[in-house]
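Data from upload_13.cif: mmCIF, C-alpha atoms, pLDDT in the B column; chains and numbers go by the auth columns
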data_entry
loop_
_atom_site.group_PDB
_atom_site.id
_atom_site.type_symbol
_atom_site.label_atom_id
_atom_site.label_comp_id
_atom_site.label_asym_id
_atom_site.label_seq_id
_atom_site.Cartn_x
_atom_site.Cartn_y
_atom_site.Cartn_z
_atom_site.B_iso_or_equiv
_atom_site.auth_seq_id
_atom_site.auth_asym_id
ATOM 1 C CA MET A 1 -39.968 0.914 16.929 47.00 1 A
ATOM 2 C CA ARG A 2 -39.775 4.106 18.943 49.00 2 A
ATOM 3 C CA GLY A 3 -36.145 4.842 18.055 52.00 3 A
ATOM 4 C CA THR A 4 -37.055 5.590 14.446 61.00 4 A
ATOM 5 C CA HIS A 5 -39.462 8.314 15.568 69.00 5 A
ATOM 6 C CA ASP A 6 -36.640 9.987 17.478 81.00 6 A
ATOM 7 C CA ARG A 7 -34.483 10.524 14.402 86.00 7 A
ATOM 8 C CA PRO A 8 -36.221 13.660 13.061 88.00 8 A
ATOM 9 C CA PHE A 9 -36.204 15.192 16.540 87.00 9 A
ATOM 10 C CA GLY A 10 -32.536 14.258 16.936 90.00 10 A
ATOM 11 C CA LEU A 11 -31.718 16.054 13.688 93.00 11 A
ATOM 12 C CA PHE A 12 -33.784 19.056 14.782 92.00 12 A
ATOM 13 C CA TRP A 13 -31.961 19.358 18.137 91.00 13 A
ATOM 14 C CA LEU A 14 -28.587 18.851 16.450 95.00 14 A
ATOM 15 C CA ALA A 15 -29.302 21.606 13.913 95.00 15 A
ATOM 16 C CA LEU A 16 -30.669 23.975 16.556 94.00 16 A
ATOM 17 C CA GLY A 17 -27.730 23.337 18.892 94.00 17 A
ATOM 18 C CA LEU A 18 -25.188 23.922 16.138 96.00 18 A
ATOM 19 C CA ALA A 19 -26.965 27.105 15.021 95.00 19 A
ATOM 20 C CA ILE A 20 -26.948 28.442 18.592 94.00 20 A
ATOM 21 C CA ALA A 21 -23.271 27.549 19.040 94.00 21 A
ATOM 22 C CA PHE A 22 -22.356 29.154 15.702 95.00 22 A
ATOM 23 C CA GLU A 23 -24.213 32.384 16.423 92.00 23 A
ATOM 24 C CA SER A 24 -22.781 32.626 19.929 90.00 24 A
ATOM 25 C CA TRP A 25 -19.274 32.202 18.453 90.00 25 A
ATOM 26 C CA ARG A 26 -19.957 35.201 16.203 89.00 26 A
ATOM 27 C CA MET A 27 -20.826 37.471 19.131 86.00 27 A
ATOM 28 C CA PRO A 28 -18.289 40.189 20.007 83.00 28 A
ATOM 29 C CA ARG A 29 -15.662 39.080 22.506 75.00 29 A
ATOM 30 C CA LEU A 30 -15.204 42.566 24.017 76.00 30 A
ATOM 31 C CA GLU A 31 -11.464 41.922 24.399 73.00 31 A
ATOM 32 C CA GLU A 32 -10.754 45.609 23.827 71.00 32 A
ATOM 33 C CA GLN A 33 -12.651 46.313 27.046 76.00 33 A
ATOM 34 C CA GLY A 34 -10.576 43.857 29.056 77.00 34 A
ATOM 35 C CA ILE A 35 -13.391 41.328 29.490 75.00 35 A
ATOM 36 C CA ASN A 36 -12.417 38.091 31.217 76.00 36 A
ATOM 37 C CA PRO A 37 -12.635 35.232 28.650 73.00 37 A
ATOM 38 C CA TYR A 38 -14.883 33.264 31.007 73.00 38 A
ATOM 39 C CA THR A 39 -17.470 36.060 31.086 75.00 39 A
ATOM 40 C CA ILE A 40 -17.643 36.860 27.379 78.00 40 A
ATOM 41 C CA PRO A 41 -21.079 37.227 25.825 80.00 41 A
ATOM 42 C CA GLY A 42 -22.077 34.050 24.082 82.00 42 A
ATOM 43 C CA LEU A 43 -20.064 31.633 26.230 83.00 43 A
ATOM 44 C CA VAL A 44 -23.011 30.073 28.061 84.00 44 A
ATOM 45 C CA PRO A 45 -25.337 30.010 25.033 88.00 45 A
ATOM 46 C CA GLY A 46 -22.519 28.475 22.989 90.00 46 A
ATOM 47 C CA LEU A 47 -21.933 25.733 25.532 91.00 47 A
ATOM 48 C CA LEU A 48 -25.665 25.088 25.809 92.00 48 A
ATOM 49 C CA GLY A 49 -25.896 24.924 22.015 93.00 49 A
ATOM 50 C CA LEU A 50 -23.129 22.334 21.918 95.00 50 A
ATOM 51 C CA ILE A 51 -24.868 20.321 24.628 95.00 51 A
ATOM 52 C CA LEU A 52 -28.140 20.461 22.661 94.00 52 A
ATOM 53 C CA GLY A 53 -26.259 19.247 19.595 95.00 53 A
ATOM 54 C CA ILE A 54 -24.703 16.366 21.518 96.00 54 A
ATOM 55 C CA PHE A 55 -28.086 15.328 22.887 94.00 55 A
ATOM 56 C CA GLY A 56 -29.488 15.575 19.352 93.00 56 A
ATOM 57 C CA VAL A 57 -26.865 13.096 18.164 94.00 57 A
ATOM 58 C CA VAL A 58 -27.626 10.791 21.109 93.00 58 A
ATOM 59 C CA LEU A 59 -31.346 10.983 20.339 89.00 59 A
ATOM 60 C CA PHE A 60 -30.718 10.290 16.653 91.00 60 A
ATOM 61 C CA PHE A 61 -28.714 7.126 17.332 90.00 61 A
ATOM 62 C CA ARG A 62 -30.713 5.921 20.326 86.00 62 A
ATOM 63 C CA ARG A 63 -32.348 2.532 20.190 76.00 63 A
ATOM 64 C CA ALA A 64 -35.796 1.884 21.602 63.00 64 A
ATOM 65 C CA PRO A 65 -35.587 0.205 25.034 61.00 65 A
ATOM 66 C CA MET A 66 -37.755 -2.792 24.195 52.00 66 A
ATOM 67 C CA ALA A 67 -37.282 -6.337 23.074 46.00 67 A
ATOM 68 C CA GLU A 68 -38.705 -7.566 19.787 46.00 68 A
ATOM 69 C CA GLY A 69 -42.403 -6.710 20.031 46.00 69 A
ATOM 70 C CA VAL A 70 -42.414 -6.571 23.855 42.00 70 A
ATOM 71 C CA ALA A 71 -42.922 -3.190 25.497 44.00 71 A
ATOM 72 C CA LEU A 72 -41.380 -2.373 28.838 41.00 72 A
ATOM 73 C CA GLU A 73 -43.730 -1.593 31.709 44.00 73 A
ATOM 74 C CA GLY A 74 -45.179 1.874 31.251 46.00 74 A
ATOM 75 C CA ASN A 75 -43.778 2.171 27.739 48.00 75 A
ATOM 76 C CA ASP A 76 -46.148 1.473 24.889 51.00 76 A
ATOM 77 C CA GLY A 77 -43.709 2.690 22.236 51.00 77 A
ATOM 78 C CA ASP A 78 -45.918 5.568 21.081 52.00 78 A
ATOM 79 C CA VAL A 79 -44.618 8.922 19.978 53.00 79 A
ATOM 80 C CA ALA A 80 -45.128 11.839 22.389 59.00 80 A
ATOM 81 C CA GLU A 81 -48.646 13.173 22.269 78.00 81 A
ATOM 82 C CA PRO A 82 -48.713 16.218 19.963 82.00 82 A
ATOM 83 C CA TRP A 83 -50.737 18.298 22.426 86.00 83 A
ATOM 84 C CA ARG A 84 -47.973 17.928 25.025 86.00 84 A
ATOM 85 C CA VAL A 85 -45.313 19.153 22.610 83.00 85 A
ATOM 86 C CA ALA A 86 -47.494 22.093 21.547 89.00 86 A
ATOM 87 C CA LEU A 87 -48.338 22.939 25.163 92.00 87 A
ATOM 88 C CA ALA A 88 -44.676 22.913 26.209 91.00 88 A
ATOM 89 C CA PHE A 89 -43.817 25.160 23.274 91.00 89 A
ATOM 90 C CA LEU A 90 -46.635 27.605 24.060 94.00 90 A
ATOM 91 C CA LEU A 91 -45.771 27.755 27.762 94.00 91 A
ATOM 92 C CA CYS A 92 -42.085 28.417 27.075 92.00 92 A
ATOM 93 C CA VAL A 93 -42.732 31.033 24.400 91.00 93 A
ATOM 94 C CA GLY A 94 -45.412 32.647 26.535 89.00 94 A
ATOM 95 C CA PHE A 95 -43.028 32.873 29.476 90.00 95 A
ATOM 96 C CA GLY A 96 -40.078 34.078 27.425 87.00 96 A
ATOM 97 C CA VAL A 97 -41.922 36.606 25.287 86.00 97 A
ATOM 98 C CA GLY A 98 -44.915 37.542 27.379 82.00 98 A
ATOM 99 C CA ALA A 99 -43.717 37.458 30.961 79.00 99 A
ATOM 100 C CA LEU A 100 -40.003 38.245 30.994 80.00 100 A
ATOM 101 C CA GLY A 101 -39.493 41.967 31.194 76.00 101 A
ATOM 102 C CA HIS A 102 -42.925 42.895 29.893 76.00 102 A
ATOM 103 C CA GLY A 103 -45.463 41.760 32.402 78.00 103 A
ATOM 104 C CA PRO A 104 -45.413 40.756 36.023 87.00 104 A
ATOM 105 C CA PRO A 105 -42.276 40.693 38.166 91.00 105 A
ATOM 106 C CA PHE A 106 -40.011 37.720 37.498 90.00 106 A
ATOM 107 C CA TRP A 107 -40.948 35.821 40.644 92.00 107 A
ATOM 108 C CA LEU A 108 -44.651 35.997 39.789 93.00 108 A
ATOM 109 C CA GLY A 109 -44.116 35.014 36.153 92.00 109 A
ATOM 110 C CA ALA A 110 -41.894 32.088 37.137 93.00 110 A
ATOM 111 C CA GLY A 111 -44.367 30.885 39.744 95.00 111 A
ATOM 112 C CA LEU A 112 -47.251 31.138 37.303 94.00 112 A
ATOM 113 C CA PHE A 113 -45.256 29.279 34.643 95.00 113 A
ATOM 114 C CA LEU A 114 -44.444 26.439 37.046 96.00 114 A
ATOM 115 C CA PHE A 115 -48.028 26.266 38.302 97.00 115 A
ATOM 116 C CA LEU A 116 -49.520 26.186 34.802 96.00 116 A
ATOM 117 C CA ALA A 117 -47.006 23.637 33.518 96.00 117 A
ATOM 118 C CA ILE A 118 -47.717 21.240 36.371 96.00 118 A
ATOM 119 C CA ILE A 119 -51.492 21.664 36.280 95.00 119 A
ATOM 120 C CA LEU A 120 -51.864 21.454 32.518 95.00 120 A
ATOM 121 C CA PHE A 121 -49.574 18.466 32.020 94.00 121 A
ATOM 122 C CA GLU A 122 -50.980 16.521 34.963 94.00 122 A
ATOM 123 C CA TYR A 123 -54.637 17.491 34.457 92.00 123 A
ATOM 124 C CA PRO A 124 -55.692 14.319 32.567 90.00 124 A
ATOM 125 C CA ASP A 125 -54.168 12.072 35.236 92.00 125 A
ATOM 126 C CA HIS A 126 -55.624 14.020 38.167 92.00 126 A
ATOM 127 C CA LYS A 127 -59.047 14.218 36.536 91.00 127 A
ATOM 128 C CA ALA A 128 -59.097 10.464 35.866 92.00 128 A
ATOM 129 C CA ALA A 129 -57.981 9.696 39.423 93.00 129 A
ATOM 130 C CA GLY A 130 -60.309 12.261 41.038 92.00 130 A
ATOM 131 C CA THR A 131 -57.396 14.087 42.685 93.00 131 A
ATOM 132 C CA LEU A 132 -57.699 17.456 40.968 93.00 132 A
ATOM 133 C CA ARG A 133 -57.838 19.426 44.248 95.00 133 A
ATOM 134 C CA TYR A 134 -54.639 17.725 45.446 95.00 134 A
ATOM 135 C CA GLY A 135 -52.994 18.468 42.091 95.00 135 A
ATOM 136 C CA ILE A 136 -53.881 22.165 42.259 96.00 136 A
ATOM 137 C CA ILE A 137 -52.570 22.515 45.812 96.00 137 A
ATOM 138 C CA ARG A 138 -49.371 20.656 44.948 96.00 138 A
ATOM 139 C CA ALA A 139 -48.824 22.739 41.804 96.00 139 A
ATOM 140 C CA ALA A 140 -49.361 25.963 43.756 97.00 140 A
ATOM 141 C CA LEU A 141 -46.818 24.915 46.393 97.00 141 A
ATOM 142 C CA VAL A 142 -44.230 23.859 43.819 97.00 142 A
ATOM 143 C CA GLY A 143 -44.803 27.076 41.858 97.00 143 A
ATOM 144 C CA ALA A 144 -44.419 29.286 44.931 97.00 144 A
ATOM 145 C CA ILE A 145 -41.383 27.472 46.348 98.00 145 A
ATOM 146 C CA GLY A 146 -39.744 27.156 42.926 96.00 146 A
ATOM 147 C CA ALA A 147 -40.250 30.840 42.087 95.00 147 A
ATOM 148 C CA ALA A 148 -38.876 31.912 45.465 96.00 148 A
ATOM 149 C CA ALA A 149 -35.849 29.621 45.140 96.00 149 A
ATOM 150 C CA ILE A 150 -35.074 30.706 41.570 93.00 150 A
ATOM 151 C CA THR A 151 -35.375 34.381 42.484 93.00 151 A
ATOM 152 C CA LEU A 152 -33.226 33.985 45.598 93.00 152 A
ATOM 153 C CA ILE A 153 -30.517 32.012 43.811 90.00 153 A
ATOM 154 C CA PHE A 154 -30.237 34.403 40.879 85.00 154 A
ATOM 155 C CA GLN A 155 -30.483 37.640 42.829 88.00 155 A
ATOM 156 C CA GLU A 156 -28.508 36.768 45.938 86.00 156 A
ATOM 157 C CA ILE A 157 -25.982 34.163 44.770 83.00 157 A
ATOM 158 C CA PHE A 158 -25.432 35.042 41.092 76.00 158 A
ATOM 159 C CA LEU A 159 -26.156 38.763 41.697 78.00 159 A
ATOM 160 C CA VAL A 160 -28.386 38.966 38.614 78.00 160 A
ATOM 161 C CA ARG A 161 -31.142 41.537 38.832 81.00 161 A
ATOM 162 C CA LEU A 162 -34.245 39.945 37.377 79.00 162 A
ATOM 163 C CA PRO A 163 -36.929 41.886 35.508 76.00 163 A
#

Structure re-expressed in C-alpha cells:
Amino acid sequence: MRGTHDRPFGLFWLALGLAIAFESWRMPRLEEQGINPYTIPGLVPGLLGLILGIFGVVLFFRRAPMAEGVALEGNDGDVAEPWRVALAFLLCVGFGVGALGHGPPFWLGAGLFLFLAIILFEYPDHKAAGTLRYGIIRAALVGAIGAAAITLIFQEIFLVRLP
C-alpha cells in the first residue's frame, strides 16, 4: 500500500518543518529598533516551517487512494522514482546555492531553473511520444514568462531588489 511508503517522508517533513519553525523563533525580534511585529525576521520562515510540519503530519497519516488491490487510473501504487527526487533536490540546491547572488542575474537564473526543471522531468514522456521539440519550445516559453512574472512581482509589487 502506498500510504506506508509515505510515513518516513511524513516524519522527515514534520521534523524539518519543526526545526525551521524553532530556529526562526530564535531569531532576534529587533523590538529595540521599533520593528513592526509583522515584519520581524523569521516570521515567514516560521510560518512556512509550521506549514511543512502540518503537511508532514497529513502525509504520515494519509491513506492510499485505492481499494483493496485495485489501483486507480494512472496510479500504480509505486513509490516516487528515486531519480526524480534526486533531480528535484539537485535543481533546487543548484538554484539556491549556485545561481542566487553568485551567478547570473535573478531573472536569468529563475528562467533557466524553470526551463531545466520542465525539460528534465518531462524528457522521458516527450522522447517516448516523439514530441521533444514541442517540449523544448514549451519549456522555454514557460521559463521566460515565469522568470519575467516572478521578477516583476517581486521588484515592482513587493519592492524586493533581487540579486

I'd like the box whose edges run along x, y and z of the file and which contains every listed atom of range 124-133 of chain A, padded by 8 Å per side; could you state its centre and edge lengths in Å, one decimal, as JSON?
{"center_x": -57.2, "center_y": 14.6, "center_z": 38.4, "size_x": 22.1, "size_y": 25.7, "size_z": 27.7}

What is the CA of Arg138 in chain A to CA of Gly98 in chain A distance in Å?
-> 24.8 Å

Residue IDs satisfying the PyMOL selection byres ((chain A and resi 40) around 9), as a PyMOL selection string | chain A and resi 27-31+35-39+41-44

Using all atoms listed in the file, which residue out of A:Leu162, A:Tyr123, A:Leu114, A:Gly46 lies closest to Leu141 in chain A?
->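 Nearest candidate to Leu141 in chain A out of A:Leu162, A:Tyr123, A:Leu114, A:Gly46: A:Leu114.
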
Could you spell out the hits of the PyMOL selection byres ((chain A and resi 113) around 9) on the shown file, as JSON, numbers by chain?
-> {"A": [91, 92, 94, 95, 108, 109, 110, 111, 112, 114, 115, 116, 117, 118, 143]}

Point-to-point distance in Å for CA of Leu47 in chain A and CA of Leu14 in chain A =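 About the pair CA of Leu14 in chain A and CA of Leu47 in chain A: they are 13.2 Å apart.
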
In terms of the shortest atom-to-atom distance over all atoms listed in the file, which of A:Gln33, A:Ser24, A:Thr131, A:Gln155 is closest to Leu48 in chain A?
->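 Closest to Leu48 in chain A, using all atoms listed in the file: A:Ser24.
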
Skipping near chain neighbours, those fewer than 2 positions away, what residues fall within 9 Å of Leu18 in chain A using all atoms listed in the file, listed as a compact mmCIF listing (two decimals) with C-alpha atoms, keeping the file's coordinate frame?
# COMPACT_ATOMS: atom_id res chain seq x y z
CA TRP A 13 -31.96 19.36 18.14
CA LEU A 14 -28.59 18.85 16.45
CA ALA A 15 -29.30 21.61 13.91
CA LEU A 16 -30.67 23.98 16.56
CA ILE A 20 -26.95 28.44 18.59
CA ALA A 21 -23.27 27.55 19.04
CA PHE A 22 -22.36 29.15 15.70
CA GLU A 23 -24.21 32.38 16.42
CA GLY A 46 -22.52 28.48 22.99
CA GLY A 49 -25.90 24.92 22.02
CA LEU A 50 -23.13 22.33 21.92
CA LEU A 52 -28.14 20.46 22.66
CA GLY A 53 -26.26 19.25 19.60

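The coordinates place CA of Phe61 in chain A at 8.1 Å from CA of Gly10 in chain A.
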
With the input short on atoms, add all heavy atoms back to range 119-130 of chain A and write it as a PDB file, keeping the file's coordinate frame.
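File produced: part.pdb:
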ATOM      1  N   ILE A 119     -50.048  21.903  36.366  1.00 95.00           N
ATOM      2  CA  ILE A 119     -51.492  21.664  36.280  1.00 95.00           C
ATOM      3  C   ILE A 119     -51.885  21.153  34.899  1.00 95.00           C
ATOM      4  O   ILE A 119     -52.619  20.173  34.771  1.00 95.00           O
ATOM      5  CB  ILE A 119     -52.276  22.955  36.613  1.00 95.00           C
ATOM      6  CG1 ILE A 119     -52.301  23.176  38.107  1.00 95.00           C
ATOM      7  CG2 ILE A 119     -53.696  22.921  36.085  1.00 95.00           C
ATOM      8  CD1 ILE A 119     -53.006  22.087  38.888  1.00 95.00           C
ATOM      9  N   LEU A 120     -51.422  21.818  33.862  1.00 95.00           N
ATOM     10  CA  LEU A 120     -51.864  21.454  32.518  1.00 95.00           C
ATOM     11  C   LEU A 120     -51.338  20.094  32.069  1.00 95.00           C
ATOM     12  O   LEU A 120     -52.052  19.350  31.398  1.00 95.00           O
ATOM     13  CB  LEU A 120     -51.466  22.550  31.526  1.00 95.00           C
ATOM     14  CG  LEU A 120     -52.173  23.894  31.749  1.00 95.00           C
ATOM     15  CD1 LEU A 120     -51.620  24.957  30.826  1.00 95.00           C
ATOM     16  CD2 LEU A 120     -53.679  23.752  31.594  1.00 95.00           C
ATOM     17  N   PHE A 121     -50.104  19.764  32.431  1.00 94.00           N
ATOM     18  CA  PHE A 121     -49.574  18.466  32.020  1.00 94.00           C
ATOM     19  C   PHE A 121     -50.142  17.317  32.853  1.00 94.00           C
ATOM     20  O   PHE A 121     -50.277  16.204  32.373  1.00 94.00           O
ATOM     21  CB  PHE A 121     -48.046  18.439  32.089  1.00 94.00           C
ATOM     22  CG  PHE A 121     -47.401  19.113  30.911  1.00 94.00           C
ATOM     23  CD1 PHE A 121     -46.700  20.283  31.075  1.00 94.00           C
ATOM     24  CD2 PHE A 121     -47.495  18.574  29.644  1.00 94.00           C
ATOM     25  CE1 PHE A 121     -46.106  20.915  30.002  1.00 94.00           C
ATOM     26  CE2 PHE A 121     -46.915  19.188  28.557  1.00 94.00           C
ATOM     27  CZ  PHE A 121     -46.214  20.361  28.733  1.00 94.00           C
ATOM     28  N   GLU A 122     -50.469  17.584  34.099  1.00 94.00           N
ATOM     29  CA  GLU A 122     -50.980  16.521  34.963  1.00 94.00           C
ATOM     30  C   GLU A 122     -52.504  16.478  35.028  1.00 94.00           C
ATOM     31  O   GLU A 122     -53.070  15.585  35.660  1.00 94.00           O
ATOM     32  CB  GLU A 122     -50.411  16.674  36.378  1.00 94.00           C
ATOM     33  CG  GLU A 122     -48.931  16.419  36.449  1.00 94.00           C
ATOM     34  CD  GLU A 122     -48.389  16.501  37.863  1.00 94.00           C
ATOM     35  OE1 GLU A 122     -49.140  16.879  38.789  1.00 94.00           O
ATOM     36  OE2 GLU A 122     -47.200  16.193  38.029  1.00 94.00           O
ATOM     37  N   TYR A 123     -53.179  17.417  34.391  1.00 92.00           N
ATOM     38  CA  TYR A 123     -54.637  17.491  34.457  1.00 92.00           C
ATOM     39  C   TYR A 123     -55.329  16.178  34.073  1.00 92.00           C
ATOM     40  O   TYR A 123     -56.210  15.711  34.810  1.00 92.00           O
ATOM     41  CB  TYR A 123     -55.152  18.647  33.593  1.00 92.00           C
ATOM     42  CG  TYR A 123     -56.660  18.747  33.582  1.00 92.00           C
ATOM     43  CD1 TYR A 123     -57.334  19.309  34.660  1.00 92.00           C
ATOM     44  CD2 TYR A 123     -57.407  18.255  32.517  1.00 92.00           C
ATOM     45  CE1 TYR A 123     -58.713  19.394  34.669  1.00 92.00           C
ATOM     46  CE2 TYR A 123     -58.784  18.328  32.520  1.00 92.00           C
ATOM     47  CZ  TYR A 123     -59.435  18.893  33.593  1.00 92.00           C
ATOM     48  OH  TYR A 123     -60.794  18.971  33.602  1.00 92.00           O
ATOM     49  N   PRO A 124     -54.983  15.566  32.922  1.00 90.00           N
ATOM     50  CA  PRO A 124     -55.692  14.319  32.567  1.00 90.00           C
ATOM     51  C   PRO A 124     -55.556  13.230  33.631  1.00 90.00           C
ATOM     52  O   PRO A 124     -56.535  12.535  33.941  1.00 90.00           O
ATOM     53  CB  PRO A 124     -55.029  13.886  31.254  1.00 90.00           C
ATOM     54  CG  PRO A 124     -54.422  15.119  30.695  1.00 90.00           C
ATOM     55  CD  PRO A 124     -54.034  15.959  31.875  1.00 90.00           C
ATOM     56  N   ASP A 125     -54.378  13.102  34.215  1.00 92.00           N
ATOM     57  CA  ASP A 125     -54.168  12.072  35.236  1.00 92.00           C
ATOM     58  C   ASP A 125     -54.948  12.380  36.515  1.00 92.00           C
ATOM     59  O   ASP A 125     -55.570  11.495  37.097  1.00 92.00           O
ATOM     60  CB  ASP A 125     -52.683  11.930  35.565  1.00 92.00           C
ATOM     61  CG  ASP A 125     -51.871  11.453  34.371  1.00 92.00           C
ATOM     62  OD1 ASP A 125     -52.446  10.750  33.510  1.00 92.00           O
ATOM     63  OD2 ASP A 125     -50.677  11.790  34.295  1.00 92.00           O
ATOM     64  N   HIS A 126     -54.902  13.648  36.945  1.00 92.00           N
ATOM     65  CA  HIS A 126     -55.624  14.020  38.167  1.00 92.00           C
ATOM     66  C   HIS A 126     -57.136  13.930  37.971  1.00 92.00           C
ATOM     67  O   HIS A 126     -57.859  13.529  38.887  1.00 92.00           O
ATOM     68  CB  HIS A 126     -55.243  15.424  38.630  1.00 92.00           C
ATOM     69  CG  HIS A 126     -53.902  15.499  39.278  1.00 92.00           C
ATOM     70  ND1 HIS A 126     -53.600  14.805  40.426  1.00 92.00           N
ATOM     71  CD2 HIS A 126     -52.781  16.179  38.947  1.00 92.00           C
ATOM     72  CE1 HIS A 126     -52.351  15.050  40.777  1.00 92.00           C
ATOM     73  NE2 HIS A 126     -51.829  15.882  39.885  1.00 92.00           N
ATOM     74  N   LYS A 127     -57.611  14.300  36.796  1.00 91.00           N
ATOM     75  CA  LYS A 127     -59.047  14.218  36.536  1.00 91.00           C
ATOM     76  C   LYS A 127     -59.509  12.768  36.550  1.00 91.00           C
ATOM     77  O   LYS A 127     -60.536  12.446  37.149  1.00 91.00           O
ATOM     78  CB  LYS A 127     -59.369  14.867  35.196  1.00 91.00           C
ATOM     79  CG  LYS A 127     -60.847  14.914  34.918  1.00 91.00           C
ATOM     80  CD  LYS A 127     -61.150  15.640  33.630  1.00 91.00           C
ATOM     81  CE  LYS A 127     -62.659  15.638  33.409  1.00 91.00           C
ATOM     82  NZ  LYS A 127     -63.016  16.146  32.111  1.00 91.00           N
ATOM     83  N   ALA A 128     -58.731  11.884  35.901  1.00 92.00           N
ATOM     84  CA  ALA A 128     -59.097  10.464  35.866  1.00 92.00           C
ATOM     85  C   ALA A 128     -59.069   9.841  37.261  1.00 92.00           C
ATOM     86  O   ALA A 128     -59.894   8.986  37.582  1.00 92.00           O
ATOM     87  CB  ALA A 128     -58.166   9.712  34.931  1.00 92.00           C
ATOM     88  N   ALA A 129     -58.124  10.269  38.083  1.00 93.00           N
ATOM     89  CA  ALA A 129     -57.981   9.696  39.423  1.00 93.00           C
ATOM     90  C   ALA A 129     -58.863  10.397  40.456  1.00 93.00           C
ATOM     91  O   ALA A 129     -58.956   9.947  41.596  1.00 93.00           O
ATOM     92  CB  ALA A 129     -56.523   9.759  39.872  1.00 93.00           C
ATOM     93  N   GLY A 130     -59.477  11.521  40.088  1.00 92.00           N
ATOM     94  CA  GLY A 130     -60.309  12.261  41.038  1.00 92.00           C
ATOM     95  C   GLY A 130     -59.503  13.027  42.070  1.00 92.00           C
ATOM     96  O   GLY A 130     -59.997  13.295  43.172  1.00 92.00           O
TER      97      GLY A 130
END
